[in-house]
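*Asks:* So here's protein07.cif, just mmCIF, C-alpha atoms and all ligand atoms:
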data_work
#
loop_
_atom_site.label_atom_id
_atom_site.label_comp_id
_atom_site.auth_asym_id
_atom_site.auth_seq_id
_atom_site.Cartn_x
_atom_site.Cartn_y
_atom_site.Cartn_z
CA MET A 1296 18.34 20.35 -0.35
CA TYR A 1297 15.40 18.00 0.12
CA LYS A 1298 12.40 17.92 2.43
CA ALA A 1299 11.90 15.31 5.12
CA ILE A 1300 9.90 14.67 8.25
CA VAL A 1301 12.45 14.64 11.07
CA ILE A 1302 11.84 13.28 14.57
CA ASN A 1303 13.91 14.58 17.47
CA LYS A 1304 13.97 13.76 21.16
CA ASP A 1305 15.92 16.09 23.42
CA GLU A 1306 15.43 18.54 26.27
CA ALA A 1307 12.71 20.24 24.17
CA GLY A 1308 10.77 16.95 24.11
CA TYR A 1309 9.72 14.43 21.44
CA ARG A 1310 8.67 16.11 18.21
CA ALA A 1311 8.24 15.54 14.48
CA GLU A 1312 8.72 18.43 12.03
CA LEU A 1313 8.87 18.96 8.27
CA LYS A 1314 12.43 20.18 7.60
CA ASP A 1315 14.89 21.02 4.82
CA GLN A 1316 17.79 18.56 4.80
CA ASN A 1317 21.17 18.48 3.02
CA ASP A 1318 22.95 15.55 1.40
CA GLU A 1319 25.24 15.53 4.47
CA ASP A 1320 22.19 14.42 6.47
CA LEU A 1321 21.92 11.22 4.43
CA PRO A 1322 23.24 8.07 6.14
CA GLU A 1323 25.70 5.50 4.81
CA GLY A 1324 24.42 3.26 2.03
CA ASP A 1325 25.24 2.02 -1.46
CA VAL A 1326 22.04 3.19 -3.19
CA THR A 1327 20.52 6.68 -3.18
CA VAL A 1328 16.84 6.81 -4.09
CA LYS A 1329 14.74 9.73 -5.30
CA VAL A 1330 11.60 8.95 -3.33
CA ALA A 1331 8.35 9.35 -5.26
CA PHE A 1332 5.84 8.09 -2.70
CA SER A 1333 5.86 6.86 0.86
CA THR A 1334 3.00 5.86 3.11
CA LEU A 1335 1.78 5.82 6.69
CA ASN A 1336 1.67 2.50 8.47
CA TYR A 1337 0.61 1.92 12.07
CA LYS A 1338 4.30 1.85 13.01
CA ASP A 1339 4.87 5.24 11.36
CA GLY A 1340 1.93 6.58 13.37
CA LEU A 1341 3.59 5.32 16.56
CA ALA A 1342 6.92 6.83 15.50
CA ILE A 1343 5.60 10.27 14.51
CA THR A 1344 3.32 10.71 17.51
CA GLY A 1345 5.82 9.11 19.94
CA LYS A 1346 3.05 6.79 21.16
CA GLY A 1347 5.31 3.74 20.85
CA PRO A 1348 9.08 3.23 21.15
CA VAL A 1349 9.61 2.70 17.41
CA VAL A 1350 12.42 5.21 16.82
CA ARG A 1351 15.66 4.06 18.34
CA ARG A 1352 18.05 6.76 17.01
CA PHE A 1353 17.62 10.52 16.83
CA PRO A 1354 17.29 12.53 14.70
CA MET A 1355 15.28 10.07 12.59
CA VAL A 1356 13.34 10.31 9.35
CA PRO A 1357 10.26 8.06 9.82
CA GLY A 1358 8.69 5.98 7.06
CA VAL A 1359 9.15 2.20 6.90
CA ASP A 1360 8.20 2.19 3.20
CA LEU A 1361 9.24 4.00 0.05
CA ALA A 1362 8.97 3.70 -3.70
CA GLY A 1363 11.08 5.68 -6.14
CA SER A 1364 13.94 5.58 -8.60
CA VAL A 1365 17.66 5.04 -8.13
CA MET A 1366 19.71 8.28 -8.34
CA ALA A 1367 23.11 6.74 -7.57
CA SER A 1368 24.28 3.20 -6.93
CA SER A 1369 27.44 1.24 -6.25
CA HIS A 1370 25.40 -1.95 -5.72
CA GLY A 1371 25.64 -4.57 -8.46
CA ASP A 1372 21.88 -5.19 -8.67
CA PHE A 1373 20.79 -1.56 -9.17
CA LYS A 1374 21.60 1.17 -11.65
CA VAL A 1375 20.49 4.79 -12.07
CA GLY A 1376 16.85 4.99 -13.12
CA ASP A 1377 15.74 1.61 -11.73
CA ALA A 1378 12.34 1.69 -10.04
CA VAL A 1379 12.54 0.22 -6.55
CA VAL A 1380 10.44 -0.43 -3.48
CA LEU A 1381 11.54 -0.80 0.13
CA ASN A 1382 9.68 -2.22 3.14
CA GLY A 1383 11.08 -2.53 6.64
CA TRP A 1384 14.62 -3.66 7.54
CA GLY A 1385 14.56 -1.14 10.41
CA VAL A 1386 14.22 1.78 7.99
CA GLY A 1387 12.30 4.59 9.73
CA GLU A 1388 13.36 3.06 13.08
CA VAL A 1389 17.18 2.91 13.16
CA HIS A 1390 17.95 4.05 9.57
CA PRO A 1391 16.43 7.24 8.04
CA GLY A 1392 13.28 6.32 6.14
CA GLY A 1393 10.81 7.07 3.39
CA LEU A 1394 9.00 10.21 4.55
CA ALA A 1395 11.54 12.32 2.65
CA GLN A 1396 12.32 13.31 -0.91
CA LYS A 1397 15.63 11.42 -0.83
CA ALA A 1398 16.85 8.29 0.94
CA ARG A 1399 20.16 6.42 1.09
CA LEU A 1400 19.90 2.70 1.77
CA LYS A 1401 21.54 -0.69 1.49
CA GLY A 1402 20.88 -2.10 -1.96
CA ASP A 1403 20.31 -5.51 -0.36
CA TRP A 1404 17.13 -4.12 1.20
CA LEU A 1405 15.60 -3.01 -2.10
CA VAL A 1406 13.17 -4.96 -4.26
CA PRO A 1407 12.65 -4.06 -7.92
CA LEU A 1408 9.25 -2.39 -8.32
CA PRO A 1409 6.98 -5.01 -9.96
CA ALA A 1410 5.91 -3.87 -13.44
CA ALA A 1411 2.27 -4.32 -12.42
CA PHE A 1412 2.43 -1.34 -10.06
CA SER A 1413 3.17 2.38 -10.27
CA PRO A 1414 5.18 3.78 -7.34
CA ALA A 1415 1.93 5.22 -5.91
CA GLN A 1416 0.19 1.84 -6.15
CA ALA A 1417 3.17 0.13 -4.51
CA MET A 1418 2.80 2.52 -1.60
CA ALA A 1419 -0.97 2.04 -1.50
CA ILE A 1420 -0.01 -1.55 -0.76
CA GLY A 1421 3.03 -0.70 1.37
CA THR A 1422 4.18 -2.72 4.36
CA ALA A 1423 0.55 -3.15 5.41
CA GLY A 1424 -0.43 -4.79 2.13
CA TYR A 1425 2.75 -6.80 1.81
CA THR A 1426 2.15 -8.08 5.36
CA ALA A 1427 -1.43 -9.00 4.42
CA MET A 1428 0.03 -11.03 1.53
CA LEU A 1429 2.50 -12.74 3.92
CA CYS A 1430 -0.48 -13.71 6.10
CA VAL A 1431 -2.35 -15.19 3.14
CA MET A 1432 0.77 -17.07 2.04
CA ALA A 1433 1.06 -18.51 5.59
CA LEU A 1434 -2.58 -19.66 5.51
CA GLU A 1435 -1.88 -21.39 2.21
CA ARG A 1436 1.35 -22.94 3.48
CA HIS A 1437 -0.61 -24.47 6.34
CA GLY A 1438 -3.20 -25.95 3.99
CA VAL A 1439 -6.08 -23.47 4.37
CA THR A 1440 -7.86 -23.62 1.02
CA PRO A 1441 -11.10 -21.77 0.17
CA ASP A 1442 -13.19 -24.94 0.59
CA LYS A 1443 -12.15 -25.25 4.26
CA GLY A 1444 -14.55 -22.50 5.40
CA GLU A 1445 -14.72 -18.92 6.56
CA ILE A 1446 -11.65 -16.73 7.07
CA LEU A 1447 -11.89 -14.01 9.70
CA VAL A 1448 -10.02 -10.70 9.24
CA THR A 1449 -9.78 -8.50 12.35
CA GLY A 1450 -9.08 -4.75 12.21
CA ALA A 1451 -10.63 -5.13 8.79
CA ALA A 1452 -11.10 -1.44 7.96
CA GLY A 1453 -7.43 -0.72 8.73
CA GLY A 1454 -4.54 -0.98 6.27
CA VAL A 1455 -3.50 -4.62 6.71
CA GLY A 1456 -7.12 -5.68 7.14
CA SER A 1457 -8.43 -3.94 4.01
CA VAL A 1458 -5.78 -5.46 1.76
CA ALA A 1459 -6.22 -8.90 3.38
CA VAL A 1460 -9.98 -8.79 2.70
CA ALA A 1461 -9.38 -7.85 -0.95
CA ILE A 1462 -6.74 -10.55 -1.56
CA LEU A 1463 -8.66 -13.33 0.19
CA ALA A 1464 -11.88 -12.49 -1.66
CA LYS A 1465 -10.10 -12.50 -5.02
CA LEU A 1466 -8.62 -15.92 -4.19
CA GLY A 1467 -12.12 -17.28 -3.59
CA TYR A 1468 -12.18 -17.41 0.22
CA THR A 1469 -15.33 -16.56 2.17
CA VAL A 1470 -14.22 -13.55 4.19
CA VAL A 1471 -15.78 -12.38 7.45
CA ALA A 1472 -14.62 -8.86 8.32
CA SER A 1473 -14.48 -7.76 11.95
CA THR A 1474 -14.63 -4.01 12.49
CA GLY A 1475 -15.51 -1.51 15.18
CA ARG A 1476 -16.80 0.84 12.48
CA PRO A 1477 -20.18 -0.36 11.19
CA ALA A 1478 -20.21 2.62 8.82
CA GLU A 1479 -17.39 0.90 6.89
CA GLY A 1480 -19.51 -2.21 6.29
CA GLU A 1481 -20.36 -1.26 2.70
CA TYR A 1482 -16.69 -0.47 1.99
CA LEU A 1483 -15.65 -3.89 3.30
CA LYS A 1484 -18.34 -5.61 1.25
CA THR A 1485 -17.10 -3.80 -1.85
CA LEU A 1486 -13.63 -5.16 -1.09
CA GLY A 1487 -15.14 -8.64 -1.04
CA ALA A 1488 -16.24 -9.40 2.54
CA ALA A 1489 -19.20 -11.79 2.68
CA GLU A 1490 -20.20 -10.76 6.19
CA ILE A 1491 -19.38 -7.98 8.64
CA VAL A 1492 -19.15 -8.68 12.39
CA ASP A 1493 -18.80 -6.26 15.30
CA ARG A 1494 -15.31 -6.35 16.78
CA ALA A 1495 -16.90 -6.13 20.26
CA MET A 1496 -17.51 -9.89 20.02
CA PHE A 1497 -13.72 -10.40 20.32
CA THR A 1498 -12.33 -7.51 22.37
CA GLU A 1499 -13.40 -8.58 25.89
CA PRO A 1500 -11.96 -11.47 27.95
CA GLY A 1501 -13.52 -14.75 26.76
CA ARG A 1502 -13.58 -18.49 27.44
CA PRO A 1503 -10.62 -20.79 26.59
CA LEU A 1504 -12.74 -22.46 23.88
CA GLY A 1505 -15.84 -21.28 22.04
CA LYS A 1506 -18.02 -22.50 19.19
CA GLU A 1507 -15.78 -23.49 16.26
CA ARG A 1508 -16.21 -21.17 13.29
CA TRP A 1509 -13.06 -20.02 11.46
CA ALA A 1510 -11.02 -22.18 9.10
CA GLY A 1511 -8.40 -19.44 9.23
CA ALA A 1512 -7.84 -15.91 10.41
CA VAL A 1513 -5.73 -12.83 9.76
CA ASP A 1514 -5.42 -11.05 13.09
CA THR A 1515 -4.07 -7.49 13.12
CA VAL A 1516 -5.30 -6.69 16.62
CA GLY A 1517 -3.68 -8.99 19.23
CA SER A 1518 -4.68 -9.07 22.92
CA HIS A 1519 -8.16 -10.47 23.82
CA THR A 1520 -9.13 -10.36 20.15
CA LEU A 1521 -6.40 -12.82 19.20
CA ALA A 1522 -7.23 -15.01 22.21
CA ASN A 1523 -10.92 -15.14 21.26
CA VAL A 1524 -10.12 -15.76 17.59
CA CYS A 1525 -7.96 -18.76 18.56
CA ALA A 1526 -10.72 -20.01 20.88
CA THR A 1527 -13.28 -19.98 18.06
CA THR A 1528 -11.07 -21.38 15.31
CA LYS A 1529 -12.11 -24.75 13.88
CA TYR A 1530 -10.28 -28.01 14.45
CA ARG A 1531 -6.87 -27.79 12.69
CA GLY A 1532 -7.52 -24.17 11.65
CA VAL A 1533 -4.78 -21.57 11.25
CA VAL A 1534 -4.54 -18.10 12.81
CA THR A 1535 -1.95 -15.68 11.43
CA CYS A 1536 -0.86 -13.12 14.00
CA CYS A 1537 0.67 -9.89 12.70
CA GLY A 1538 -0.57 -6.95 14.76
CA LEU A 1539 -1.20 -5.37 18.13
CA ALA A 1540 -3.77 -2.61 17.53
CA GLN A 1541 -5.66 -3.70 20.68
CA GLY A 1542 -2.55 -4.64 22.64
CA MET A 1543 0.67 -6.60 22.74
CA ASP A 1544 -0.62 -9.05 25.35
CA PHE A 1545 -2.00 -12.48 24.49
CA PRO A 1546 -4.29 -13.55 27.33
CA SER A 1547 -5.04 -17.01 25.97
CA SER A 1548 -4.74 -20.64 27.10
CA VAL A 1549 -3.19 -23.66 25.40
CA ALA A 1550 -6.67 -25.17 24.86
CA PRO A 1551 -7.12 -24.23 21.17
CA PHE A 1552 -3.66 -25.58 20.35
CA ILE A 1553 -3.66 -28.88 22.27
CA LEU A 1554 -7.37 -29.76 21.98
CA ARG A 1555 -8.13 -28.52 18.47
CA GLY A 1556 -4.71 -28.59 16.82
CA VAL A 1557 -4.99 -24.91 15.95
CA THR A 1558 -1.84 -23.38 14.46
CA LEU A 1559 -0.79 -19.87 15.45
CA ALA A 1560 1.45 -18.57 12.67
CA GLY A 1561 3.56 -15.52 13.49
CA ILE A 1562 4.10 -13.00 10.71
CA ASP A 1563 7.00 -10.54 10.61
CA SER A 1564 7.47 -8.34 7.59
CA VAL A 1565 10.43 -6.31 8.83
CA MET A 1566 13.24 -8.87 8.59
CA ALA A 1567 11.52 -11.32 6.20
CA PRO A 1568 14.08 -12.81 3.78
CA LYS A 1569 14.41 -11.18 0.38
CA ALA A 1570 13.15 -14.23 -1.53
CA GLU A 1571 9.90 -14.20 0.46
CA ARG A 1572 9.46 -10.47 -0.15
CA ILE A 1573 9.88 -10.92 -3.88
CA GLU A 1574 7.40 -13.81 -3.81
CA ALA A 1575 4.92 -11.67 -1.84
CA TRP A 1576 5.22 -8.75 -4.28
CA ASN A 1577 4.82 -11.08 -7.24
CA ARG A 1578 1.74 -12.60 -5.62
CA LEU A 1579 0.31 -9.11 -4.99
CA ALA A 1580 0.68 -8.43 -8.71
CA THR A 1581 -1.61 -11.36 -9.50
CA ASP A 1582 -3.82 -11.80 -6.42
CA LEU A 1583 -4.80 -8.23 -5.59
CA ASP A 1584 -7.35 -6.48 -7.73
CA VAL A 1585 -5.50 -3.20 -8.46
CA SER A 1586 -8.79 -1.40 -9.11
CA LYS A 1587 -9.62 -1.89 -5.41
CA LEU A 1588 -6.54 0.11 -4.39
CA ALA A 1589 -8.20 3.43 -5.25
CA LEU A 1590 -11.02 2.60 -2.86
CA ILE A 1591 -8.61 1.58 -0.10
CA THR A 1592 -6.31 4.60 -0.44
CA ARG A 1593 -6.24 8.27 0.42
CA GLU A 1594 -3.35 10.40 -0.91
CA ILE A 1595 -1.80 13.21 1.14
CA ALA A 1596 1.18 15.61 0.89
CA LEU A 1597 4.34 15.25 2.98
CA SER A 1598 3.28 18.35 4.91
CA ASP A 1599 0.06 16.55 5.99
CA ALA A 1600 1.81 13.42 7.25
CA ILE A 1601 2.22 14.57 10.86
CA ASP A 1602 -1.50 15.35 11.27
CA ALA A 1603 -2.49 12.13 9.49
CA ALA A 1604 -0.31 10.11 11.90
CA GLY A 1605 -2.50 11.41 14.74
CA GLU A 1606 -5.64 10.31 12.86
CA LEU A 1607 -4.13 6.87 12.28
CA MET A 1608 -3.47 6.47 16.01
CA ALA A 1609 -7.05 7.56 16.74
CA GLY A 1610 -8.27 4.72 14.49
CA THR A 1611 -10.20 7.04 12.20
CA ILE A 1612 -8.35 6.34 8.96
CA ARG A 1613 -9.90 3.86 6.57
CA GLY A 1614 -7.54 1.61 4.62
CA ARG A 1615 -4.23 3.09 3.53
CA VAL A 1616 -2.62 6.53 3.35
CA VAL A 1617 -0.21 7.24 0.50
CA VAL A 1618 2.19 10.18 0.90
CA ASP A 1619 3.25 12.12 -2.21
CA VAL A 1620 6.58 13.44 -0.93
CA ASN A 1621 7.19 15.90 -3.81
P1 LIG B 1701 -4.35 0.52 11.01
O1 LIG B 1701 -4.34 1.53 12.10
O2 LIG B 1701 -4.57 0.93 9.62
O3 LIG B 1701 -5.44 -0.61 11.35
C1 LIG B 1701 -5.61 -1.14 12.63
C2 LIG B 1701 -7.08 -1.49 12.80
O4 LIG B 1701 -7.24 -2.20 14.02
C3 LIG B 1701 -7.99 -0.26 12.95
O5 LIG B 1701 -8.37 0.29 11.73
C4 LIG B 1701 -9.17 -0.87 13.68
O6 LIG B 1701 -9.96 -1.57 12.73
C5 LIG B 1701 -8.50 -1.92 14.58
N1 LIG B 1701 -8.30 -1.42 15.95
C6 LIG B 1701 -7.68 -0.27 16.32
N2 LIG B 1701 -7.68 -0.15 17.65
C7 LIG B 1701 -8.32 -1.24 18.14
C8 LIG B 1701 -8.64 -1.70 19.46
N3 LIG B 1701 -8.30 -0.99 20.54
N4 LIG B 1701 -9.32 -2.85 19.57
C9 LIG B 1701 -9.66 -3.58 18.50
N5 LIG B 1701 -9.38 -3.20 17.23
C10 LIG B 1701 -8.71 -2.05 17.06
O7 LIG B 1701 -2.97 -0.28 11.16
P2 LIG B 1701 -2.27 -1.26 10.07
O8 LIG B 1701 -3.34 -1.99 9.35
O9 LIG B 1701 -1.23 -0.52 9.35
O10 LIG B 1701 -1.55 -2.28 11.06
C11 LIG B 1701 -2.33 -3.18 11.82
C12 LIG B 1701 -1.44 -3.86 12.86
O11 LIG B 1701 -0.52 -4.70 12.21
C13 LIG B 1701 -0.64 -2.87 13.70
O12 LIG B 1701 -0.59 -3.33 15.04
C14 LIG B 1701 0.73 -2.93 13.08
O13 LIG B 1701 1.75 -2.61 14.00
C15 LIG B 1701 0.79 -4.38 12.65
N6 LIG B 1701 1.71 -4.63 11.55
C16 LIG B 1701 2.61 -5.64 11.70
C17 LIG B 1701 3.47 -5.98 10.71
C18 LIG B 1701 4.36 -7.14 10.89
O14 LIG B 1701 5.37 -7.24 10.20
N7 LIG B 1701 4.03 -8.05 11.78
C19 LIG B 1701 3.54 -5.19 9.48
C20 LIG B 1701 2.48 -4.18 9.35
C21 LIG B 1701 1.62 -3.92 10.39
P3 LIG B 1701 -11.56 -1.43 12.69
O15 LIG B 1701 -11.84 0.03 12.77
O16 LIG B 1701 -11.95 -2.07 11.41
O17 LIG B 1701 -12.05 -2.18 13.92
#
Please re-express this file's structure in C-alpha cells.
*Replies:*
Amino acid sequence: MYKAIVINKDEAGYRAELKDQNDEDLPEGDVTVKVAFSTLNYKDGLAITGKGPVVRRFPMVPGVDLAGSVMASSHGDFKVGDAVVLNGWGVGEVHPGGLAQKARLKGDWLVPLPAAFSPAQAMAIGTAGYTAMLCVMALERHGVTPDKGEILVTGAAGGVGSVAVAILAKLGYTVVASTGRPAEGEYLKTLGAAEIVDRAMFTEPGRPLGKERWAGAVDTVGSHTLANVCATTKYRGVVTCCGLAQGMDFPSSVAPFILRGVTLAGIDSVMAPKAERIEAWNRLATDLDVSKLALITREIALSDAIDAAGELMAGTIRGRVVVDVN
C-alpha cells in the first residue's frame, strides 16, 4: 500500500483526495521509484483544483515532478538505489505522477539526480526552476549578456520567477522584478533583484511600442503583460515566454518584432529533449545559489497538498512548495 493524491471526474464531480493505493494501481513502466519529495507547480494547482484542463485521464495522480530512488528497474540506465529526478513528459497529466509515495515511469524520462542537490532541493527547484533555467539558457543562446542591460522577470514572486531572479542575479545580470505583491519586495531583493516594479504597469492593454528598456525578459504571465513587455524591449532584445498566469492570450502587434528586431523565444519544459534537461540541471548546480532555495521554499506534507493547490491558484504562495510525500 502507498499513499497518493488521486483525482477523479465522474457523476460525483471533479475531486482530488488523499487515498491508499495498491501496486495494481501503478501504470506500465520500466522503472519504479520510491518517491521522496514532490512539489506543487502552477500546473499541479490547475490539475488539483480542476481550474484548467490539465488532467486528461482519470483516475489520475497529479504531480509533474518527483525526486526519489529507484526500487525496481528493467531499464539499462538505472539500477536499484539510483537517485533520480523527473520533470514533465505528461506525468501528472496522462501518466500517474509525483504526488504519491510510489511511481512507475519510463526510464527514458528520468534524469540522474545531480550530486549537488538533495531530493528535497531538487524539488525546491522542480519544473518551475528547471524552466527558469531553460529561459536563462535561451537568453544566452540569443546573445543576451549581462552588459546588454536590464532583464525583466514577470510573476517574480512566483515559482519560476523567484528561481529566475536568483539565477540571473548570480550570473551578473541586472534584474528588475515585476510583482503584484509589494510586500515581497525585500524577498526579491534578497534573491538578487536590483529593482522592484509594480506588475500593474504591464497588465492593462498598452501601445504597440513603448519606451525601450529591457535587454531581455523572462515572462511567466502571458496576455497583456507579455504584449507590454515585448513593446518595451530594446532593439534586438529577447523575451522568453513560458507562462500564462494572467492569460493564454497574446494581444500584441508585430511592431516590436519587425521594427525593433525583438526575438520572442518560446520555452517548453514538458517535452524538452533529454540532453537539454541534463544541461539545464547541470547549469542549476553551478548557477543557482543553493542557499537561496531555503528562502524560496516552503515544505508541506502530502495531506496538505490539496489545500496548498488552492492557495497557489489564489496567487498567495511565495516561491516554491515542496511536498514531503512520506
Ligand atoms: P506561480 O503561481 O508560482 O507564479 C505565478 C506568478 O504570476 C504569481 O506568483 C504572480 O506573481 C503572477 N500572477 C498570478 N496571477 C497573475 C495575473 N492575473 N496577472 C499578472 N500576474 C499574475 O506559478 P509558477 O511560477 O509555477 O508558473 C508560472 C507560469 O509558468 C504558469 O503559467 C505555469 O503554467 C508556467 N509554466 C510553464 C512551463 C513551461 O514549460 N512552459 C513550466 C513551468 C511553469 P506576483 O505575485 O509576483 O505578481
*Asks:* How far is it from CA of Asn1621 in chain A to CA of Ser1333 in chain A, in Å with one decimal?
*Replies:*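 Spanning CA of Asn1621 in chain A to CA of Ser1333 in chain A is a straight-line distance of 10.3 Å.
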*Asks:* For Asp1360 in chain A, which residue among A:Ala1567, A:Val1379, A:Met1418, A:Ile1300 is the nearest when counting only C-alpha atoms?
*Replies:*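 Looking only at the distances to Asp1360 in chain A, the closest residue turns out to be A:Met1418.
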*Asks:* Rank A:Thr1611, A:Thr1344, A:Asn1336, A:Gln1396 by their smallest atom-to-atom distance to Thr1474 in chain A, using all atoms listed in the file, and report the top residue only.
*Replies:*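 Between A:Thr1611, A:Thr1344, A:Asn1336, A:Gln1396, the residue approaching Thr1474 in chain A most closely is A:Thr1611.
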*Asks:* Please determine an axis-aligned box that encloses all atoms of ligand LIG 1701 (chain B) listed in the file, with 6 Å added on each side, and express its centre and edge lengths in Å to one decimal as lines of an AutoDock Vina configuration file.
*Replies:*
center_x = -3.3
center_y = -3.3
center_z = 14.9
size_x = 29.4
size_y = 21.6
size_z = 23.2
*Asks:* Report the distance between CA of Thr1581 in chain A and CA of Phe1412 in chain A in Å, rounded to one decimal place.
*Replies:*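 Computing it gives 10.8 Å between the two atoms.
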*Asks:* For a quick check of understanding, using all atoms listed in the file, which of A:Glu1490, A:Asn1523, A:Gly1542, A:Asn1303 has the smallest distance to Lys1506 in chain A?
*Replies:*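 For Lys1506 in chain A, the nearest of the given residues is A:Asn1523.
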*Asks:* Looking at only C-alpha atoms and all ligand atoms, which of A:Val1524, A:Leu1394, A:Ala1550, A:Cys1536 is the one that sits closest to ligand LIG 1701 (chain B)?
*Replies:*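 Of all the options, A:Cys1536 lies closest to ligand LIG 1701 (chain B).
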*Asks:* Kindly indicate which residue among A:Ala1410, A:Ala1526, A:Leu1341, A:Ala1510 lies nearest to ligand LIG 1701 (chain B), using all atoms listed in the file for the distances.
*Replies:*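 Ranked by minimum distance to ligand LIG 1701 (chain B), first place goes to A:Leu1341.
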*Asks:* Return the single residue from A:Gly1363, A:Gly1538, A:Gly1383, A:Pro1500 that is closest to Thr1449 in chain A, with distances computed using only C-alpha atoms.
*Replies:*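 So, comparing all the options, the nearest one is A:Gly1538.
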*Asks:* Show me, as a PDB file with C-alpha atoms, keeping the file's coordinate frame, the residues that have an atom within 6 Å of Arg1531 in chain A when counting all atoms listed in the file, minus same-chain residues fewer than 4 positions from it.
*Replies:*
ATOM      1  CA  ARG A1555      -8.130 -28.520  18.470  1.00  0.00           C
ATOM      2  CA  GLY A1556      -4.710 -28.590  16.820  1.00  0.00           C
ATOM      3  CA  VAL A1557      -4.990 -24.910  15.950  1.00  0.00           C
TER       4      VAL A1557
END
*Asks:* So that I can check the surroundings of Val1448 in chain A, please list as an NGL selection string every protein, DNA and RNA residue that reaches within 9 Å of it, counting only C-alpha atoms and ignoring chain neighbours fewer than 6 positions away.
*Replies:* :A and (1456-1457 or 1459-1460 or 1470-1474 or 1511-1515)
*Asks:* Kindly give the distance, in Å, that separates CA of Val1349 in chain A and CA of Leu1607 in chain A, rounded to a single decimal.
*Replies:*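 Distance reported for this atom pair: 15.2 Å.
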*Asks:* When you look at Leu1429 in chain A with a cut-off of 10 Å (counting only C-alpha atoms), what residues show up, excluding the ones that are within fewer than 2 positions of it in the same chain? I need them as an MDAnalysis selection string.
*Replies:* chainID A and resid 1423:1427 1431:1435 1459 1535 1537 1562:1564 1567 1571:1572 1574:1576 1578:1579
*Asks:* Give me, as a PDB file with C-alpha atoms, in the frame of the given file, all polymer residues having an atom no more than 9 Å from Lys1374 in chain A, counting all atoms listed in the file and skipping those fewer than 5 positions away in the same chain.
*Replies:*
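Written file, selection_9.pdb:
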ATOM      1  CA  VAL A1326      22.040   3.190  -3.190  1.00  0.00           C
ATOM      2  CA  VAL A1365      17.660   5.040  -8.130  1.00  0.00           C
ATOM      3  CA  MET A1366      19.710   8.280  -8.340  1.00  0.00           C
ATOM      4  CA  ALA A1367      23.110   6.740  -7.570  1.00  0.00           C
ATOM      5  CA  SER A1368      24.280   3.200  -6.930  1.00  0.00           C
ATOM      6  CA  SER A1369      27.440   1.240  -6.250  1.00  0.00           C
TER       7      SER A1369
END
